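Visitor: Please see the structure below; I have some questions.
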Amino acid sequence: AIFGLGIMYYEGVGVSRDYKESARYFRRAAEQGCADAQAVLGAMYYDGHGVKQNYREAATWFKKSAQLGNKDSQNFLSTLCFEKPWACR
């Protein structure tokens with residue numbers, strides 16, 4: 001349910017689009033172990049949507065999601081670590 005609220009705010013479905021609000025919901029879901037929320041939060045940190053851009057934070061969330069088997073996170077993490085190896089240390 002929390003992840004769904006994050007999607008609603010991220011895409012502006014039924015509510016005004018608000019990346020900061022979506023990041024709050026995604027973080028709550030991510031902290032509860034939702035791999036999809038961890039992946040989206042990693043992407044938000046990578047792109048700087050709703051949060052300050054932070055490649056290390058992106059890598060942290062991609063790693064958590066990848067460890068839960070999220071294939072997209074595994075790919076994003078691989079790319080991030082290739083492009084910015086310092087972020088993955």
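We label chains A, B, ... in the order they appear in the structure tokens, count residues from 1 in each chain, and number ligands from 1 in the order shown.
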Would you mind listing what lies within 7 Å of region 38-47 of chain A as a list of chain:residue names, with only C-alpha atoms counted and same-chain residues fewer than 4 positions away left out?

Guide: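 Here the answer would be A:Ala23, A:Phe26, A:Arg27, A:Ala30, A:Cys34, A:Val51, A:Lys52, A:Gln53, A:Asn54, A:Tyr55, A:Glu57, A:Ala58, A:Ala59, A:Trp61, A:Phe62, A:Lys64, A:Ser65, A:Ser73.
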
Visitor: Quick check for you: according to DSSP on this backbone, which residues of chain A are classed as helix (DSSP H, G or I)? Reply as an MDAnalysis selection string.

Guide: chainID A and resid 2:11 19:31 35:47 55:67 71:83 85:88

Visitor: Set the distance at 9 Å and use only C-alpha atoms: which residues neighbour Ala1 (chain A) once local chain neighbours fewer than 4 positions away are removed? I'd like the list as a list in words.

Guide: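 Result of the neighbour search: Leu5, Gly6 and Ala29 of chain A.
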
Visitor: Select, from A:Ser78, A:Gly48, A:Gln32, A:Ala37, the residue with the minimum atom-to-atom distance to Ile7 (chain A), counting only C-alpha atoms.

Guide: A:Ala37

Visitor: In Å to one decimal, how far is CA of Thr60 (chain A) from CA of Val15 (chain A)?

Guide: 29.1 Å
